[in-house]
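K.L.:
Let me give you the structure first, and then I'll get to my questions.
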Number of protein chains: 2
Amino acid sequence: MKKSKSSIYNSGDMPASELKKYGYQFIDWITSYLDEIEKYPVLPTIKPGDVKNNLPENPPEKGETLDNILADIDKKIMPGITHWNHPDFMAYFNSTSSGPGILAELLTAGLNVNGMAWHTCPSATELEEAMINWYKKMFNLPQNCWGIIYDTASTSSLHGIAAAREQLSHLKIREKGMAGRNDIPQLRIYFSEQAHFSIDKSVITLGLGLESIRKIPVDEKFRMIPEKLKEAIKEDKSNGWLPCCVVATVGTTSTTSVDNVDEIGKICNEENLPSGQAGIWLHVDAAYAGTAAILPEMQWIFKGIEKADSLVINPHKWMFTPIDLSLFFTKKPDVLKRAFSLSAEYLKGYEEGATDFMDYGIQLGRRFRSLKPWFIIRYFGVEGLQNRIREHIRLAKDFADWIESHPDFEIMAPTPFSVVCFRAHPKNINDVDELNALNEKLLDEINKSGKLFLSHTKLNSKFVIRIAISSIRTMEKNVKDAQHLIEQKLNGLFE
Amino acid sequence: MKKSKSSIYNSGDMPASELKKYGYQFIDWITSYLDEIEKYPVLPTIKPGDVKNNLPENPPEKGETLDNILADIDKKIMPGITHWNHPDFMAYFNSTSSGPGILAELLTAGLNVNGMAWHTCPSATELEEAMINWYKKMFNLPQNCWGIIYDTASTSSLHGIAAAREQLSHLKIREKGMAGRNDIPQLRIYFSEQAHFSIDKSVITLGLGLESIRKIPVDEKFRMIPEKLKEAIKEDKSNGWLPCCVVATVGTTSTTSVDNVDEIGKICNEENLPSGQAGIWLHVDAAYAGTAAILPEMQWIFKGIEKADSLVINPHKWMFTPIDLSLFFTKKPDVLKRAFSLSAEYLKGYEEGATDFMDYGIQLGRRFRSLKPWFIIRYFGVEGLQNRIREHIRLAKDFADWIESHPDFEIMAPTPFSVVCFRAHPKNINDVDELNALNEKLLDEINKSGKLFLSHTKLNSKFVIRIAISSIRTMEKNVKDAQHLIEQKLNGLFE
């Protein structure tokens, strides 16, 4: 190694020798952390302010060594960490990072390119295009769709609905906006009561307003009822509303229910709207569950997906990809581009025919995220990924079977993927409020134990506990331990 | 180290021993890359498709070893890399990553937490709050302002303008939207001709439309003319427009000109608007130049900043922070929260009094970005960061002096920071088109050399070359070499 040209207090970066030395130490730290993660409580047991109050109020005037910083990770940061990588983290949709994903992030930071335009890093743009093609094949998506990587599902859905708005080109919203005009109707966005609240937030951001949302009822399996959607559209049209977008969810957050994309797609496609476009824009939110389409036996979830206009799947949810990586597919990239392209002299591209991804989104700065799938898909192979996803679904079904056969618990929703909704329901308790209080208490006891982290939802006013089995580190043993703990904590409430 | 429980083809993550082994190899790779980066051409010399065509069309069925992947980085990815970390990358505003920033990203991926709510990772939320306080002190910002970390300046500015829209609470845009209403006026957003196009894009996204933009002329130093802003507001009001937001830029992208925040702030604060708020929302875009406020002698750039409602500064531009990290400050977090808070049962927080950052933005998923400043500020110290920023400004002034004293070049804009705008202007050429063609050709020759990467802009129809000196790896020698190369390439055009 060359002698470094730099020193801390003058100019330049950390010397190469130091980066190497501490790089090894950080690799050691992360390796040990992941290998011994089960020694940590999943949820920290601290109060608001505990971390902050332990940090200096002022930035240091002089530089410090990385030894200090490494020591402070254990002392000051770890006590306030919720361990998303823990095998017993079974709350929400857990995002877990895998070894190859971590190494890809390391390389991303080392290269630190900004793939906003083709020429600002051709490899970032073209690896992204290649990975989009890999994902399309893995998920068996229509080969004519186009894709891009964004950061989160919130961002992806915002772009989907923005494109839906732009598709109503006769309204000239991009040019004239919506305020102060008496020549445009109110727009309507449809989604089920079970859709994610990031959809509502997108609607607010885009200036459509909460009143433009029409929530469609769900059936007993928490799936949007297509007939109700059809009626709502008809009624709205007769009242002067213009249908703008339908959002279907494949794997809702509360129960992982699957809206019928095929039926909903037919309804959307059939509509003739004044702007001359083919139908109502259908956006499909499959942020969590889309990954399951890697299994041939699960590809039914995307039946009719060719009728959709856009689709989001988040590999950072169930594909062992460090946060963030959200996939957005659309069969109408031209509409998306019309909604978001604008440039400046200083960014004029060098090459005709190359893709400038900045033209397809809000954010100009773009991290080199495609390295992550390139590492993860190659390291595990499609088969390796399939095995893991399939195993999670098997473990969830086993857990659901256990719940069903248990006298004190009951299943609260179907289990199409790797999330089980259940609650304690001892025979002698039948009052709704009492059951809710019992389950809330049970969840609290479970989470306080530090041995398991579950989350909850409410379904028809019932407090429901959710267990999500989608961590790369969750094994059969962890699920069995979870069963024992849940049972034990329930019994503890009656002792 | 324990024997790993996992194997590639069944379940679980990469074995610990393998993560360690390859982790060291990646650290070695990155260390060598950064140490020997000058051996690479700054800009790749490939054509669109060259990278993609070298990648397999199908994802691999079986897993591969990381040796293959490492080898492919050099073979398939590096030929298409634009080297943002190269000391001779002097285009745009270059984002460079430092050793401590890279190690922080490694840790971020290892922990892989999602800091959406306090309880989903208390350390992520509270370290973010602590770092916001450090930044406020370093930049000498009003201590009563509140802050949050977003991904990019595009996102930050979108949030600033969204808050401005929400501040007009009497319009009830969050609730009712803007379409199909005859009870709200057209809204106006003001910024200079030199503002970044991400502001225009935000306006489109928010549904305000390009027509709501009123671009204010600039003076001979490319600064918004406050008097013209005042006149525009007056005229608009008399024509029924409602002023919604003014965006001032501290460090414009083309020339790094500095709008007079104090004067503009006075104009905004003086307005009395029908919604009862204090004045017109003033958003300040200091994405690049804000970092300079770390120097006492540069704090004039934020004179009057207490009059602003929101402010963006990007440490991933000039503070040696791997992309992405954008700071957003506001003195009205309640308005921002009103614009973006919405939640769901499954995310109900556990602790009253704790901050849930998800309530202040579009994106629900939030990376643990605050580790980066924690590492970078501690490693270099405030003094170390100041020395580097000060040196960049000195190098830029030296370069500008050289241009001014050179018979064949001329300065095209003032140099308040570390960017110099110049063009070749040999004595015998005076035709505008001829000069433009000459400079375009010169820039092309420079960039094709692989020894230097500069960008350009247009100022009053003149093609202008920009040199940006803000990489942590750029030393005096690199700037001198750039001078020689520029001179040599110009001479080459006449041989």
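By convention in this document, the chains of the structure tokens carry letters A, B, ... by their order, each chain's residues are numbered from 1, and ligands are numbered from 1 in the order they are shown.
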For the structure I just gave you, how does DSSP split range 55-87 of chain B - specifically, which residues are helix (DSSP H, G or I)? Reply as a list in words.
P.N.:
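Checking each residue of range 55-87 of chain B, the helix (DSSP H, G or I) ones are Leu66, Asp67, Asn68, Ile69, Leu70, Ala71, Asp72, Ile73, Asp74, Lys75, Lys76, Ile77, Met78, Pro79 and Gly80 of chain B.
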K.L.:
Take the selection from the previous step and output its residues with C-alpha atoms, as a compact mmCIF listing (two decimals), in the first residue's frame.
P.N.:
# COMPACT_ATOMS: atom_id res chain seq x y z
CA LEU B 66 -18.60 -14.34 -4.26
CA ASP B 67 -15.30 -14.90 -6.04
CA ASN B 68 -17.21 -14.81 -9.31
CA ILE B 69 -19.02 -11.67 -8.30
CA LEU B 70 -15.85 -9.91 -7.16
CA ALA B 71 -14.16 -10.78 -10.44
CA ASP B 72 -17.13 -9.44 -12.38
CA ILE B 73 -16.95 -6.09 -10.62
CA ASP B 74 -13.61 -5.47 -12.28
CA LYS B 75 -14.58 -7.08 -15.55
CA LYS B 76 -18.15 -5.90 -16.08
CA ILE B 77 -18.94 -2.99 -13.78
CA MET B 78 -15.77 -0.91 -13.56
CA PRO B 79 -15.54 -0.20 -17.30
CA GLY B 80 -18.85 1.67 -17.02
K.L.:
I want to know what sits within 10 Å of Ile403 in chain A, based on only C-alpha atoms, with residues of the same chain fewer than 3 positions away left out; could you give that as an mmCIF file with C-alpha atoms, in the first residue's frame?
P.N.:
data_model
loop_
_atom_site.group_PDB
_atom_site.id
_atom_site.type_symbol
_atom_site.label_atom_id
_atom_site.label_comp_id
_atom_site.auth_asym_id
_atom_site.auth_seq_id
_atom_site.Cartn_x
_atom_site.Cartn_y
_atom_site.Cartn_z
ATOM 1 C CA LYS A 397 -48.878 -22.540 7.634
ATOM 2 C CA ASP A 398 -47.514 -24.734 10.426
ATOM 3 C CA PHE A 399 -47.954 -21.888 12.875
ATOM 4 C CA ALA A 400 -51.496 -21.293 11.603
ATOM 5 C CA HIS A 406 -55.132 -24.762 20.043
ATOM 6 C CA PRO A 407 -58.158 -24.411 22.340
ATOM 7 C CA ASP A 408 -57.178 -20.931 23.549
ATOM 8 C CA PHE A 409 -56.336 -19.261 20.220
ATOM 9 C CA GLU A 410 -58.096 -18.590 16.964
ATOM 10 C CA ILE A 411 -57.153 -17.607 13.438
ATOM 11 C CA VAL A 420 -50.551 -15.226 10.508
ATOM 12 C CA CYS A 421 -53.290 -13.151 12.155
ATOM 13 C CA PHE A 422 -54.569 -14.659 15.366
ATOM 14 C CA ARG A 423 -55.758 -13.852 18.826
ATOM 15 C CA ALA A 424 -56.147 -15.502 22.178
ATOM 16 C CA GLN A 483 -45.324 -20.770 20.065
#
K.L.:
So that I can see what lies close to Gly23 in chain B, please list as a list in words the residues with an atom at most 9 Å from it, counting only C-alpha atoms and leaving out residues fewer than 2 positions away in the same chain.
P.N.:
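In the requested format, the answer is Gly23, Tyr24, Ile27, Asp28, Thr31, Gly99, Leu103 and Leu106 of chain A; Glu18, Leu19, Lys20, Lys21, Gln25, Phe26, Ile27 and Asp28 of chain B.
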K.L.:
How many Å separate CA of Pro44 in chain B from CA of Glu126 in chain A?
P.N.:
13.4 Å
K.L.:
Looking at only C-alpha atoms, which of B:Lys317, B:Lys331, B:His456, B:His283 is the one that sits closest to chain A?
P.N.:
B:His456
K.L.:
So, counting only C-alpha atoms, which residue among B:Gly12, B:Pro60, B:Gly160, B:Pro87 is closest to Cys244 in chain B?
P.N.:
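Result for the nearest residue to Cys244 in chain B: B:Gly160.
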K.L.:
Show which residues sit within 9 Å of Val113 in chain A, as a PyMOL selection string. Count only C-alpha atoms, and ignore same-chain residues fewer than 3 positions away.
P.N.:
(chain A and resi 108-110+120-121+124+366-368) or (chain B and resi 81-85+95-96+322-323)
K.L.:
Print the selection's residues with C-alpha atoms to a file, as an mmCIF file, in the first residue's frame.
P.N.:
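For reference, result-v8.cif as written:
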data_model
loop_
_atom_site.group_PDB
_atom_site.id
_atom_site.type_symbol
_atom_site.label_atom_id
_atom_site.label_comp_id
_atom_site.auth_asym_id
_atom_site.auth_seq_id
_atom_site.Cartn_x
_atom_site.Cartn_y
_atom_site.Cartn_z
ATOM 1 C CA THR A 108 -22.145 1.146 -3.192
ATOM 2 C CA ALA A 109 -20.689 3.485 -0.591
ATOM 3 C CA GLY A 110 -17.135 2.916 -1.811
ATOM 4 C CA THR A 120 -23.111 10.062 -14.766
ATOM 5 C CA CYS A 121 -22.590 6.315 -14.356
ATOM 6 C CA ALA A 124 -25.505 2.104 -12.533
ATOM 7 C CA ARG A 366 -29.922 8.035 -7.294
ATOM 8 C CA ARG A 367 -27.879 5.552 -5.282
ATOM 9 C CA PHE A 368 -26.346 2.545 -7.035
ATOM 10 C CA ILE B 81 -18.183 3.585 -13.809
ATOM 11 C CA THR B 82 -18.074 7.371 -13.745
ATOM 12 C CA HIS B 83 -15.679 7.884 -10.854
ATOM 13 C CA TRP B 84 -17.412 10.337 -8.547
ATOM 14 C CA ASN B 85 -14.719 9.684 -5.931
ATOM 15 C CA SER B 95 -20.545 13.957 -4.127
ATOM 16 C CA THR B 96 -17.607 12.146 -2.582
ATOM 17 C CA PRO B 322 -21.941 8.898 0.858
ATOM 18 C CA ILE B 323 -25.109 9.555 -1.102
#
K.L.:
I want to know what sits within 10 Å of Ile313 in chain A, based on only C-alpha atoms, with residues of the same chain fewer than 2 positions away left out; could you give that as an MDAnalysis selection string?
P.N.:
chainID A and resid 135 139 149 152:153 156 250 284:291 311 315:318 325:329
K.L.:
Please indicate the distance in Å from CA of Gly147 in chain B to CA of Leu242 in chain B, rounded to one decimal place.
P.N.:
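Pair CA of Gly147 in chain B / CA of Leu242 in chain B returns 27.6 Å.
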K.L.:
What lies within 10 Å of range 300-309 of chain A using only C-alpha atoms, ignoring chain neighbours under 2 positions off, as a CSV table (one decimal) with N, CA and C atoms, in the first residue's frame?
P.N.:
chain,number,residue,atom,x,y,z
A,139,PHE,N,-40.3,-13.1,-11.3
A,139,PHE,CA,-41.7,-12.9,-10.9
A,139,PHE,C,-42.7,-13.2,-12.0
A,140,ASN,N,-42.2,-13.6,-13.2
A,140,ASN,CA,-43.1,-14.0,-14.3
A,140,ASN,C,-44.0,-12.8,-14.7
A,141,LEU,N,-43.4,-11.7,-14.8
A,141,LEU,CA,-44.2,-10.5,-15.2
A,141,LEU,C,-44.2,-10.4,-16.7
A,142,PRO,N,-45.2,-9.6,-17.2
A,142,PRO,CA,-45.2,-9.4,-18.7
A,142,PRO,C,-43.9,-8.9,-19.2
A,143,GLN,N,-43.4,-9.4,-20.2
A,143,GLN,CA,-42.1,-9.0,-20.7
A,143,GLN,C,-42.0,-7.7,-21.3
A,144,ASN,N,-43.2,-7.1,-21.6
A,144,ASN,CA,-43.2,-5.8,-22.2
A,144,ASN,C,-43.3,-4.7,-21.2
A,145,CYS,N,-43.2,-5.0,-19.9
A,145,CYS,CA,-43.3,-3.9,-19.0
A,145,CYS,C,-41.9,-3.3,-18.7
A,160,GLY,N,-46.9,5.9,-9.1
A,160,GLY,CA,-48.0,5.2,-9.8
A,160,GLY,C,-49.2,6.2,-9.9
A,163,ALA,N,-48.6,9.1,-12.1
A,163,ALA,CA,-48.7,8.8,-13.6
A,163,ALA,C,-50.2,8.6,-13.9
A,164,ALA,N,-51.0,8.1,-13.0
A,164,ALA,CA,-52.5,8.0,-13.3
A,164,ALA,C,-53.1,9.4,-13.5
A,245,CYS,N,-57.7,6.6,-10.7
A,245,CYS,CA,-56.8,5.5,-10.4
A,245,CYS,C,-57.5,4.5,-9.4
A,246,VAL,N,-57.2,3.2,-9.7
A,246,VAL,CA,-57.6,2.2,-8.7
A,246,VAL,C,-56.3,1.6,-8.2
A,247,VAL,N,-56.2,1.4,-6.9
A,247,VAL,CA,-55.1,0.7,-6.3
A,247,VAL,C,-55.5,-0.6,-5.7
A,248,ALA,N,-55.0,-1.7,-6.3
A,248,ALA,CA,-55.3,-3.0,-5.7
A,248,ALA,C,-54.1,-3.5,-4.9
A,250,VAL,N,-51.9,-6.6,-3.4
A,250,VAL,CA,-51.6,-8.1,-3.3
A,250,VAL,C,-50.7,-8.3,-2.1
A,251,GLY,N,-51.4,-8.7,-1.0
A,251,GLY,CA,-50.7,-8.8,0.3
A,251,GLY,C,-50.9,-7.5,1.1
A,258,VAL,N,-55.3,-10.8,-0.6
A,258,VAL,CA,-54.9,-10.6,-2.0
A,258,VAL,C,-56.2,-10.1,-2.8
A,259,ASP,N,-56.1,-8.8,-3.2
A,259,ASP,CA,-57.2,-8.3,-4.1
A,259,ASP,C,-57.1,-9.1,-5.4
A,260,ASN,N,-58.3,-9.3,-6.0
A,260,ASN,CA,-58.4,-10.0,-7.3
A,260,ASN,C,-58.0,-9.1,-8.5
A,261,VAL,N,-56.7,-9.1,-8.8
A,261,VAL,CA,-56.2,-8.2,-9.8
A,261,VAL,C,-56.9,-8.4,-11.2
A,262,ASP,N,-57.2,-9.6,-11.5
A,262,ASP,CA,-57.8,-10.0,-12.8
A,262,ASP,C,-59.2,-9.3,-12.9
A,263,GLU,N,-60.0,-9.5,-11.9
A,263,GLU,CA,-61.4,-9.0,-11.9
A,263,GLU,C,-61.3,-7.4,-11.9
A,264,ILE,N,-60.5,-6.9,-11.0
A,264,ILE,CA,-60.4,-5.4,-10.9
A,264,ILE,C,-59.8,-4.9,-12.1
A,265,GLY,N,-58.8,-5.6,-12.7
A,265,GLY,CA,-58.2,-5.1,-14.0
A,265,GLY,C,-59.3,-5.0,-15.1
A,266,LYS,N,-60.2,-6.0,-15.1
A,266,LYS,CA,-61.2,-6.0,-16.2
A,266,LYS,C,-62.1,-4.8,-16.0
A,267,ILE,N,-62.5,-4.5,-14.8
A,267,ILE,CA,-63.3,-3.3,-14.5
A,267,ILE,C,-62.6,-2.0,-15.0
A,268,CYS,N,-61.3,-1.9,-14.6
A,268,CYS,CA,-60.5,-0.7,-15.0
A,268,CYS,C,-60.4,-0.6,-16.5
A,269,ASN,N,-60.0,-1.7,-17.1
A,269,ASN,CA,-59.8,-1.7,-18.6
A,269,ASN,C,-61.0,-1.4,-19.4
A,279,GLY,N,-58.3,3.1,-20.2
A,279,GLY,CA,-59.2,2.8,-19.0
A,279,GLY,C,-58.7,3.5,-17.8
A,280,ILE,N,-59.1,3.1,-16.7
A,280,ILE,CA,-58.7,3.7,-15.4
A,280,ILE,C,-57.3,3.1,-15.1
A,281,TRP,N,-56.4,3.9,-14.7
A,281,TRP,CA,-55.0,3.4,-14.3
A,281,TRP,C,-55.2,2.5,-13.1
A,282,LEU,N,-54.6,1.3,-13.3
A,282,LEU,CA,-54.6,0.3,-12.1
A,282,LEU,C,-53.2,0.2,-11.6
A,283,HIS,N,-53.0,0.6,-10.3
A,283,HIS,CA,-51.7,0.4,-9.7
A,283,HIS,C,-51.9,-0.7,-8.7
A,284,VAL,N,-50.9,-1.6,-8.7
A,284,VAL,CA,-50.9,-2.8,-7.8
A,284,VAL,C,-49.8,-2.7,-6.8
A,286,ALA,N,-47.9,-4.6,-4.3
A,286,ALA,CA,-47.5,-5.9,-3.9
A,286,ALA,C,-46.1,-5.8,-3.2
A,289,ALA,N,-45.8,-8.9,-0.7
A,289,ALA,CA,-46.1,-10.3,-1.1
A,289,ALA,C,-45.7,-10.5,-2.6
A,290,GLY,N,-45.3,-9.5,-3.3
A,290,GLY,CA,-44.9,-9.7,-4.7
A,290,GLY,C,-43.7,-10.7,-4.8
A,292,ALA,N,-43.3,-13.4,-3.4
A,292,ALA,CA,-43.8,-14.8,-3.4
A,292,ALA,C,-43.9,-15.3,-4.8
A,293,ALA,N,-44.1,-14.4,-5.8
A,293,ALA,CA,-44.3,-14.8,-7.2
A,293,ALA,C,-43.0,-15.5,-7.7
A,295,LEU,N,-42.1,-18.1,-6.7
A,295,LEU,CA,-42.5,-19.5,-6.6
A,295,LEU,C,-43.6,-19.8,-7.6
A,296,PRO,N,-43.4,-20.8,-8.5
A,296,PRO,CA,-44.4,-21.1,-9.5
A,296,PRO,C,-45.8,-21.4,-8.8
A,297,GLU,N,-45.8,-22.0,-7.7
A,297,GLU,CA,-47.1,-22.3,-7.0
A,297,GLU,C,-47.8,-21.1,-6.5
A,298,MET,N,-47.1,-19.9,-6.5
A,298,MET,CA,-47.7,-18.7,-5.9
A,298,MET,C,-48.0,-17.7,-7.0
A,311,LEU,N,-47.0,-1.4,-10.9
A,311,LEU,CA,-46.9,-2.4,-9.9
A,311,LEU,C,-45.7,-2.1,-9.0
A,329,PHE,N,-42.8,-1.2,-11.7
A,329,PHE,CA,-43.0,-1.6,-13.1
A,329,PHE,C,-44.1,-0.9,-13.7
A,330,THR,N,-44.0,-0.6,-14.9
A,330,THR,CA,-45.2,0.0,-15.6
A,330,THR,C,-45.2,-0.4,-17.1
A,331,LYS,N,-46.4,-0.5,-17.6
A,331,LYS,CA,-46.4,-0.7,-19.1
A,331,LYS,C,-46.5,0.6,-19.8
A,332,LYS,N,-46.6,1.7,-19.1
A,332,LYS,CA,-46.7,3.0,-19.7
A,332,LYS,C,-45.6,4.0,-19.2
A,333,PRO,N,-44.3,3.6,-19.5
A,333,PRO,CA,-43.2,4.5,-19.0
A,333,PRO,C,-43.3,5.9,-19.6
A,416,PRO,N,-52.3,-16.6,3.3
A,416,PRO,CA,-51.8,-16.9,2.0
A,416,PRO,C,-50.3,-16.9,1.9
